[in-house]
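Here is the file structure07.tsv (TSV, C-alpha atoms).
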chain	number	residue	atom	x	y	z
D	28	MET	CA	111.56	136.40	111.66
D	29	GLU	CA	108.55	134.45	110.46
D	30	LYS	CA	109.34	131.05	108.99
D	31	PRO	CA	108.34	130.56	105.34
D	32	ARG	CA	105.13	128.61	104.91
D	33	VAL	CA	104.93	125.38	102.96
D	34	THR	CA	102.50	125.69	100.08
D	35	PRO	CA	100.70	122.70	98.54
D	36	LYS	CA	103.00	123.17	95.54
D	37	ASP	CA	106.09	122.82	97.73
D	38	PHE	CA	104.78	119.75	99.50
D	39	PHE	CA	103.80	117.79	96.40
D	40	LEU	CA	106.91	118.80	94.46
D	41	TRP	CA	109.20	117.47	97.18
D	42	ALA	CA	107.04	114.44	97.98
D	43	ALA	CA	106.88	113.40	94.32
D	44	ALA	CA	110.59	114.08	93.74
D	45	MET	CA	111.67	111.97	96.73
D	46	LEU	CA	109.26	109.16	95.84
D	47	PHE	CA	110.56	109.06	92.27
D	48	LEU	CA	114.15	109.19	93.56
D	49	TYR	CA	113.82	106.28	95.99
D	50	VAL	CA	111.93	104.08	93.53
D	51	ALA	CA	114.33	104.87	90.67
D	52	VAL	CA	117.45	104.23	92.78
D	53	TYR	CA	116.05	100.91	93.99
D	54	HIS	CA	115.28	99.78	90.45
D	55	TYR	CA	118.62	101.03	89.16
D	56	ILE	CA	120.48	98.91	91.70
D	57	ALA	CA	118.19	95.96	91.00
D	58	LEU	CA	118.78	96.29	87.25
D	59	VAL	CA	122.56	96.37	87.60
D	60	TRP	CA	122.37	93.40	89.99
D	61	ASP	CA	120.37	91.48	87.39
D	62	TYR	CA	123.09	92.23	84.85
D	63	ILE	CA	125.68	90.92	87.31
D	64	ASN	CA	123.63	87.79	88.02
D	65	TYR	CA	123.33	87.13	84.31
D	66	SER	CA	127.01	87.79	83.56
D	67	PHE	CA	128.31	85.87	86.60
D	68	PRO	CA	125.71	83.12	87.19
D	69	ASP	CA	125.59	81.18	90.42
D	70	PRO	CA	125.64	77.45	89.56
D	71	LEU	CA	123.74	76.65	92.77
D	72	ALA	CA	120.84	78.96	92.01
D	73	TYR	CA	117.98	78.70	89.51
D	74	TYR	CA	117.66	81.39	86.89
D	75	PRO	CA	114.92	81.70	84.31
D	76	ALA	CA	116.11	81.26	80.74
D	77	ASP	CA	114.51	84.56	79.77
D	78	PRO	CA	115.98	87.47	81.77
D	79	TYR	CA	113.13	89.73	80.69
D	80	GLN	CA	110.79	87.50	82.69
D	81	SER	CA	112.80	88.07	85.88
D	82	GLY	CA	112.17	91.80	86.38
D	83	ILE	CA	114.61	93.41	83.97
D	84	SER	CA	111.89	94.74	81.67
D	85	TRP	CA	110.03	96.28	84.64
D	86	GLU	CA	113.22	97.83	85.99
D	87	MET	CA	114.06	99.30	82.59
D	88	ALA	CA	110.56	100.73	82.16
D	89	THR	CA	110.63	102.24	85.66
D	90	LEU	CA	113.96	103.98	85.03
D	91	ILE	CA	112.93	105.26	81.61
D	92	VAL	CA	109.84	106.94	83.10
D	93	LEU	CA	110.93	108.04	86.58
D	94	THR	CA	114.43	109.36	85.83
D	95	PRO	CA	113.33	112.25	83.58
D	96	LEU	CA	110.39	112.99	85.90
D	97	PHE	CA	112.71	113.27	88.90
D	98	LEU	CA	115.17	115.50	87.01
D	99	VAL	CA	112.37	117.78	85.83
D	100	LEU	CA	110.94	118.09	89.35
D	101	MET	CA	114.37	118.90	90.83
D	102	TRP	CA	114.94	121.50	88.08
D	103	TRP	CA	111.58	123.04	88.95
D	104	ILE	CA	112.42	123.06	92.67
D	105	HIS	CA	115.83	124.69	92.17
D	106	ARG	CA	114.32	127.28	89.85
D	107	SER	CA	111.73	128.23	92.49
D	108	ILE	CA	114.53	128.56	95.08
D	109	ARG	CA	116.49	130.87	92.78
D	110	GLN	CA	113.36	132.99	92.35
D	111	ASP	CA	112.52	132.98	96.06
D	112	ALA	CA	115.41	132.21	98.43
D	113	THR	CA	113.00	131.60	101.33
D	114	ARG	CA	112.01	128.32	99.67
D	115	ARG	CA	115.36	126.92	100.89
D	116	GLU	CA	114.20	127.11	104.49
D	117	ILE	CA	110.85	125.36	104.26
D	118	TRP	CA	110.56	122.31	106.50
D	119	ILE	CA	109.55	119.87	103.72
D	120	ARG	CA	112.84	120.54	101.93
D	121	ARG	CA	114.98	120.07	105.01
D	122	TRP	CA	113.11	116.91	106.03
D	123	ALA	CA	113.43	115.46	102.51
D	124	LEU	CA	117.16	116.20	102.31
D	125	TYR	CA	117.95	114.94	105.82
D	126	LEU	CA	115.89	111.79	105.27
D	127	THR	CA	117.72	111.11	102.03
D	128	LEU	CA	121.09	111.69	103.69
D	129	PHE	CA	120.09	109.35	106.52
D	130	ILE	CA	119.01	106.55	104.13
D	131	ALA	CA	122.13	106.94	101.96
D	132	GLY	CA	124.46	107.05	104.95
D	133	VAL	CA	122.91	103.99	106.60
D	134	THR	CA	123.07	102.11	103.29
D	135	VAL	CA	126.78	102.90	102.89
D	136	ALA	CA	127.48	101.75	106.46
D	137	ILE	CA	125.49	98.52	106.09
D	138	ASP	CA	127.16	97.77	102.76
D	139	LEU	CA	130.65	98.19	104.22
D	140	ILE	CA	129.75	96.18	107.33
D	141	TYR	CA	128.39	93.34	105.23
D	142	VAL	CA	131.49	93.18	103.04
D	143	LEU	CA	133.79	93.29	106.06
D	144	TYR	CA	131.69	90.64	107.83
D	145	ALA	CA	131.88	88.35	104.81
D	146	PHE	CA	135.65	88.79	104.67
D	147	LEU	CA	136.17	88.11	108.39
D	148	ASN	CA	133.76	85.17	108.27
D	149	GLY	CA	135.84	83.48	105.61
D	150	THR	CA	133.17	83.81	102.93
D	151	ASP	CA	134.40	83.43	99.39
D	152	LEU	CA	134.30	87.00	98.04
D	153	THR	CA	133.26	86.17	94.50
D	154	THR	CA	133.25	88.64	91.65
D	155	ARG	CA	129.46	88.87	91.65
D	156	PHE	CA	129.42	89.58	95.41
D	157	LEU	CA	132.03	92.33	95.20
D	158	LEU	CA	130.44	93.93	92.15
D	159	LYS	CA	127.05	94.09	93.88
D	160	ALA	CA	128.65	95.63	96.95
D	161	VAL	CA	130.47	98.21	94.82
D	162	VAL	CA	127.24	99.15	93.03
D	163	VAL	CA	125.37	99.76	96.28
D	164	LEU	CA	128.33	101.67	97.77
D	165	ALA	CA	128.80	103.86	94.68
D	166	VAL	CA	125.12	104.75	94.26
D	167	SER	CA	124.62	105.47	97.96
D	168	ALA	CA	127.83	107.51	98.31
D	169	ILE	CA	127.10	109.60	95.21
D	170	GLY	CA	123.56	110.24	96.41
D	171	PHE	CA	124.82	111.24	99.87
D	172	MET	CA	127.34	113.72	98.48
D	173	HIS	CA	124.86	115.21	96.01
D	174	PHE	CA	122.14	115.91	98.57
D	175	LEU	CA	124.64	117.09	101.18
D	176	ALA	CA	125.76	119.68	98.63
D	177	ASP	CA	122.11	120.54	98.04
D	178	LEU	CA	121.58	121.04	101.77
D	179	TRP	CA	124.56	123.42	101.89
D	180	GLY	CA	123.19	125.42	98.94
D	181	TYR	CA	126.01	124.40	96.61
D	182	TRP	CA	123.79	123.87	93.57
D	183	GLU	CA	122.16	127.30	93.95
D	184	LYS	CA	125.62	128.87	93.89
D	185	PHE	CA	126.75	126.85	90.87
D	186	PRO	CA	123.65	126.14	88.74
D	187	ALA	CA	125.76	125.26	85.69
D	188	ARG	CA	127.40	122.39	87.61
D	189	ASN	CA	123.97	121.24	88.72
D	190	LYS	CA	122.92	121.00	85.07
D	191	ILE	CA	126.04	118.96	84.30
D	192	VAL	CA	125.18	116.54	87.11
D	193	ALA	CA	121.60	116.27	85.87
D	194	TRP	CA	122.71	115.50	82.32
D	195	ALA	CA	125.33	113.05	83.56
D	196	THR	CA	122.66	111.23	85.59
D	197	ALA	CA	120.38	111.01	82.57
D	198	VAL	CA	123.21	109.72	80.37
D	199	LEU	CA	124.29	107.16	82.98
D	200	VAL	CA	120.77	105.76	83.31
D	201	ALA	CA	120.32	105.71	79.53
D	202	LEU	CA	123.63	103.87	79.03
D	203	THR	CA	122.71	101.37	81.76
D	204	VAL	CA	119.39	100.60	80.10
D	205	ILE	CA	120.96	100.35	76.64
D	206	ALA	CA	123.74	98.11	77.99
D	207	GLY	CA	121.08	95.57	78.89
D	208	PHE	CA	120.40	94.93	75.22
D	209	PHE	CA	124.05	93.93	74.77
D	210	ILE	CA	124.29	91.94	78.01
D	211	VAL	CA	121.04	89.96	77.95
D	212	GLY	CA	119.88	90.63	74.39
D	213	THR	CA	116.88	92.50	73.08
D	214	PRO	CA	113.28	91.58	74.01
D	215	ALA	CA	112.85	90.22	70.47
D	216	GLN	CA	115.82	87.88	70.95
D	217	ALA	CA	114.48	86.83	74.34
D	218	ARG	CA	111.16	85.94	72.70
D	219	LEU	CA	112.96	83.68	70.23
D	220	TYR	CA	114.74	81.97	73.11
D	221	ARG	CA	111.38	81.45	74.82
D	222	PHE	CA	110.11	79.77	71.67
D	223	ASP	CA	113.13	77.47	71.76
D	224	GLU	CA	112.57	76.66	75.43
D	225	GLN	CA	108.95	75.80	74.74
D	226	LYS	CA	110.00	73.54	71.90
D	227	VAL	CA	112.40	71.68	74.18
D	228	ASN	CA	109.66	71.31	76.78
D	229	ASP	CA	107.30	69.95	74.12
D	230	LEU	CA	109.89	67.45	72.91
D	231	GLN	CA	110.47	66.31	76.47
D	232	THR	CA	106.74	65.75	76.88
D	233	ILE	CA	106.51	63.85	73.60
D	234	GLN	CA	109.52	61.74	74.55
D	235	SER	CA	107.90	60.81	77.85
D	236	GLN	CA	104.68	59.86	76.08
D	237	VAL	CA	106.53	57.75	73.51
D	238	VAL	CA	108.26	55.81	76.28
D	239	ASN	CA	104.94	55.38	78.08
D	240	TYR	CA	103.35	54.17	74.84
D	241	TRP	CA	106.09	51.58	74.37
D	242	GLN	CA	105.75	50.38	77.96
D	243	SER	CA	102.03	49.92	77.45
D	244	LYS	CA	102.07	48.30	73.99
D	245	GLN	CA	105.66	47.04	73.56
D	246	LYS	CA	105.89	48.89	70.28
D	247	LEU	CA	106.65	52.43	69.22
D	248	PRO	CA	103.94	54.67	67.80
D	249	THR	CA	103.84	54.90	64.03
D	250	VAL	CA	103.00	58.61	64.01
D	251	LEU	CA	102.69	61.23	66.73
D	252	ALA	CA	98.90	61.18	66.44
D	253	ASP	CA	98.97	57.70	68.02
D	254	LEU	CA	99.90	59.37	71.30
D	255	ASN	CA	96.67	61.38	71.50
D	256	ASP	CA	94.58	60.06	74.38
D	257	PRO	CA	91.18	61.65	75.08
D	258	ILE	CA	90.80	59.72	78.34
D	259	SER	CA	93.98	61.17	79.89
D	260	ASN	CA	93.29	64.43	78.05
D	261	PHE	CA	96.65	64.37	76.27
D	262	THR	CA	97.10	65.99	72.87
D	263	VAL	CA	100.45	66.02	71.11
D	264	PRO	CA	101.82	69.59	71.29
D	265	THR	CA	102.71	71.43	68.12
D	266	ASP	CA	105.50	73.88	67.35
D	267	PRO	CA	104.30	77.19	68.93
D	268	GLN	CA	106.21	79.25	66.40
D	269	ALA	CA	105.55	77.42	63.14
D	270	GLU	CA	102.15	76.12	64.35
D	271	ASP	CA	103.04	72.78	62.81
D	272	SER	CA	103.73	69.27	64.07
D	273	TYR	CA	107.13	68.23	65.33
D	274	THR	CA	109.02	65.61	63.32
D	275	TYR	CA	108.95	62.09	64.70
D	276	LYS	CA	110.36	58.91	63.23
D	277	ALA	CA	110.76	55.38	64.60
D	278	THR	CA	114.27	54.26	63.65
D	279	GLY	CA	114.18	50.78	65.22
D	280	ALA	CA	112.26	48.55	67.57
D	281	LEU	CA	113.45	50.61	70.56
D	282	SER	CA	114.81	53.78	68.99
D	283	PHE	CA	113.16	56.90	67.65
D	284	GLN	CA	113.99	60.40	66.51
D	285	LEU	CA	112.47	63.76	67.48
D	286	CYS	CA	113.24	66.89	65.47
D	287	ALA	CA	112.46	70.59	65.75
D	288	THR	CA	113.66	73.83	64.20
D	289	PHE	CA	115.33	76.19	66.67
D	290	ASN	CA	116.08	79.90	66.43
D	291	ALA	CA	119.45	79.94	68.20
D	292	GLU	CA	122.02	77.85	69.98
D	293	THR	CA	121.28	76.79	73.54
D	294	ARG	CA	122.48	79.36	76.03
D	295	GLY	CA	124.74	78.38	78.91
D	296	ASN	CA	123.46	77.78	82.43
D	297	ASN	CA	120.09	76.72	81.08
D	298	PRO	CA	117.88	75.36	83.87
D	299	TYR	CA	115.53	73.66	81.45
D	300	GLN	CA	118.04	71.04	80.33
D	301	SER	CA	117.09	67.66	81.72
D	302	THR	CA	119.31	64.70	82.52
D	303	PRO	CA	119.77	62.23	79.68
D	304	MET	CA	117.15	59.56	79.30
D	305	ALA	CA	118.89	57.63	76.59
D	306	PRO	CA	122.25	57.47	74.73
D	307	VAL	CA	123.94	60.55	73.31
D	308	PRO	CA	121.60	62.52	71.02
D	309	VAL	CA	122.54	63.75	67.57
D	310	GLY	CA	122.22	67.34	66.39
D	311	GLY	CA	122.30	69.07	63.04
D	312	ALA	CA	124.53	67.55	60.39
D	313	GLY	CA	124.86	64.40	62.52
D	314	LYS	CA	127.16	66.01	65.10
D	315	PRO	CA	127.01	64.65	68.66
D	316	ILE	CA	125.56	66.95	71.30
D	317	ALA	CA	127.17	67.01	74.73
D	318	ASP	CA	123.96	67.56	76.69
D	319	ASN	CA	120.63	65.81	76.30
D	320	TRP	CA	118.69	68.82	75.00
D	321	GLN	CA	121.39	71.22	73.85
D	322	HIS	CA	120.87	72.37	70.29
D	323	GLY	CA	122.16	74.69	67.63
D	324	ALA	CA	120.23	76.96	65.30
D	325	GLY	CA	118.12	75.38	62.56
D	326	GLN	CA	116.67	71.90	62.46
D	327	VAL	CA	118.04	69.62	65.17
D	328	CYS	CA	117.17	65.95	65.68
D	329	PHE	CA	117.51	64.04	68.94
D	330	GLU	CA	118.09	60.31	68.79
D	331	ARG	CA	116.55	58.31	71.61
D	332	THR	CA	116.84	54.61	72.48
D	333	ILE	CA	114.65	53.08	75.16
D	334	ASP	CA	116.40	50.89	77.73
D	335	PRO	CA	113.93	48.06	78.59
D	336	GLN	CA	115.68	47.43	81.89
D	337	ARG	CA	115.25	51.00	82.98
D	338	TYR	CA	111.79	51.34	81.46
D	339	PRO	CA	110.31	47.81	81.59
D	340	PRO	CA	106.96	47.07	79.95
D	341	PHE	CA	103.90	47.50	82.14
D	342	PRO	CA	102.47	44.20	83.40
D	343	LYS	CA	99.43	43.15	81.40
D	344	GLN	CA	96.19	43.03	83.33
D	345	LYS	CA	94.26	39.82	83.22
D	346	THR	CA	90.83	40.04	81.71
D	347	PRO	CA	88.07	38.63	83.96

Give the structure from the file, written as structure tokens.
Amino acid sequence: MEKPRVTPKDFFLWAAAMLFLYVAVYHYIALVWDYINYSFPDPLAYYPADPYQSGISWEMATLIVLTPLFLVLMWWIHRSIRQDATRREIWIRRWALYLTLFIAGVTVAIDLIYVLYAFLNGTDLTTRFLLKAVVVLAVSAIGFMHFLADLWGYWEKFPARNKIVAWATAVLVALTVIAGFFIVGTPAQARLYRFDEQKVNDLQTIQSQVVNYWQSKQKLPTVLADLNDPISNFTVPTDPQAEDSYTYKATGALSFQLCATFNAETRGNNPYQSTPMAPVPVGGAGKPIADNWQHGAGQVCFERTIDPQRYPPFPKQKTP
């Protein structure tokens, strides 16, 4: 009996479907891992304040586009097999299914080996570690069982169940993407946090320049414009959101106040918080703030006092 020939349509349908599958699965696992990293942060690792700058937005976009494309291609493939049963025996289909089974099976084995190794090695099996392992195991095992059933012709025998699986996959991906807005916030909220982070960075820069000004002149600047220095190419930054100057006030010979208006309270595990440079700052309504740059929503002022022993005046140069 002559083997069925692979048409260009068959080749590109299977090649595109498998490419979309592998890329989508990779990004799905990466997205869930990012959720886990955000929900169970590692105190020893650095994480950007804005999760949408760490790949989440790209992973979401990839899943939103590739998931429906993959489901449509697989629907098209199964429809062609129902119309012509010889399409089940073409080599591109068998290679694609066996390759997928091989990748899924190896992934399951490696995942289990790694978890067992960590346990036997005495590694602390943290919640984030176990959740990541479970995600990889679940996705790989489900994929293995699905394509094994496809290889055995199960979905051709029960097309209604195949539709249920397809819809369940679409719903699962959609819920995973939507869950991100509740876990890490919406992109609009992330943008507001980025504004707040930039404001903190600006205040840190201004604070450093004020201290440098005092060390050079033994007096505090009267206004922020005094810090502008065309020789060192320094210009006092302005609020990127309000496009206005930050509030500065000298409150004593060695103390000063810096104020800004923030959109939200400082989030936990913020890598942009610096170590204190001066005594405890003061936030809105005169309440003490536990960390040097932690803030609430609204206008927040930070009180700073220069320690002359820690930041002594610069020695004056003798004029020739």

Which distance in Å separates CA of Leu247 (chain D) and CA of Ile333 (chain D), to one decimal?
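About the pair CA of Leu247 (chain D) and CA of Ile333 (chain D): they are 10.0 Å apart.
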
Would you mind telling me which residue in D:Ile169, D:Pro257, D:Gln110, D:Pro339 lies nearest to Lys244 (chain D) when using all atoms listed in the file?
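Nearest candidate to Lys244 (chain D) out of D:Ile169, D:Pro257, D:Gln110, D:Pro339: D:Pro339.
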
Among the residues D:Asn255, D:Asn64, D:Thr113, D:Thr203, the one that comes closest to Leu157 (chain D) [using all atoms listed in the file]:
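Nearest candidate to Leu157 (chain D) out of D:Asn255, D:Asn64, D:Thr113, D:Thr203: D:Asn64.
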
Counting all atoms listed in the file, which of D:Ala165, D:Val59, D:Ile137, D:Leu98 gets nearest to Ala195 (chain D)?
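Ranked by minimum distance to Ala195 (chain D), first place goes to D:Leu98.
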
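The spacing separating CA of Tyr65 (chain D) from CA of Leu152 (chain D) amounts to 17.6 Å.
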
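Rounded to one decimal, CA of Tyr240 (chain D) and CA of Lys226 (chain D) lie 20.7 Å from each other.
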
Looking at only C-alpha atoms, which of D:His105, D:Trp241, D:Gln236, D:Val166 is the one that sits closest to Gly132 (chain D)?
D:Val166
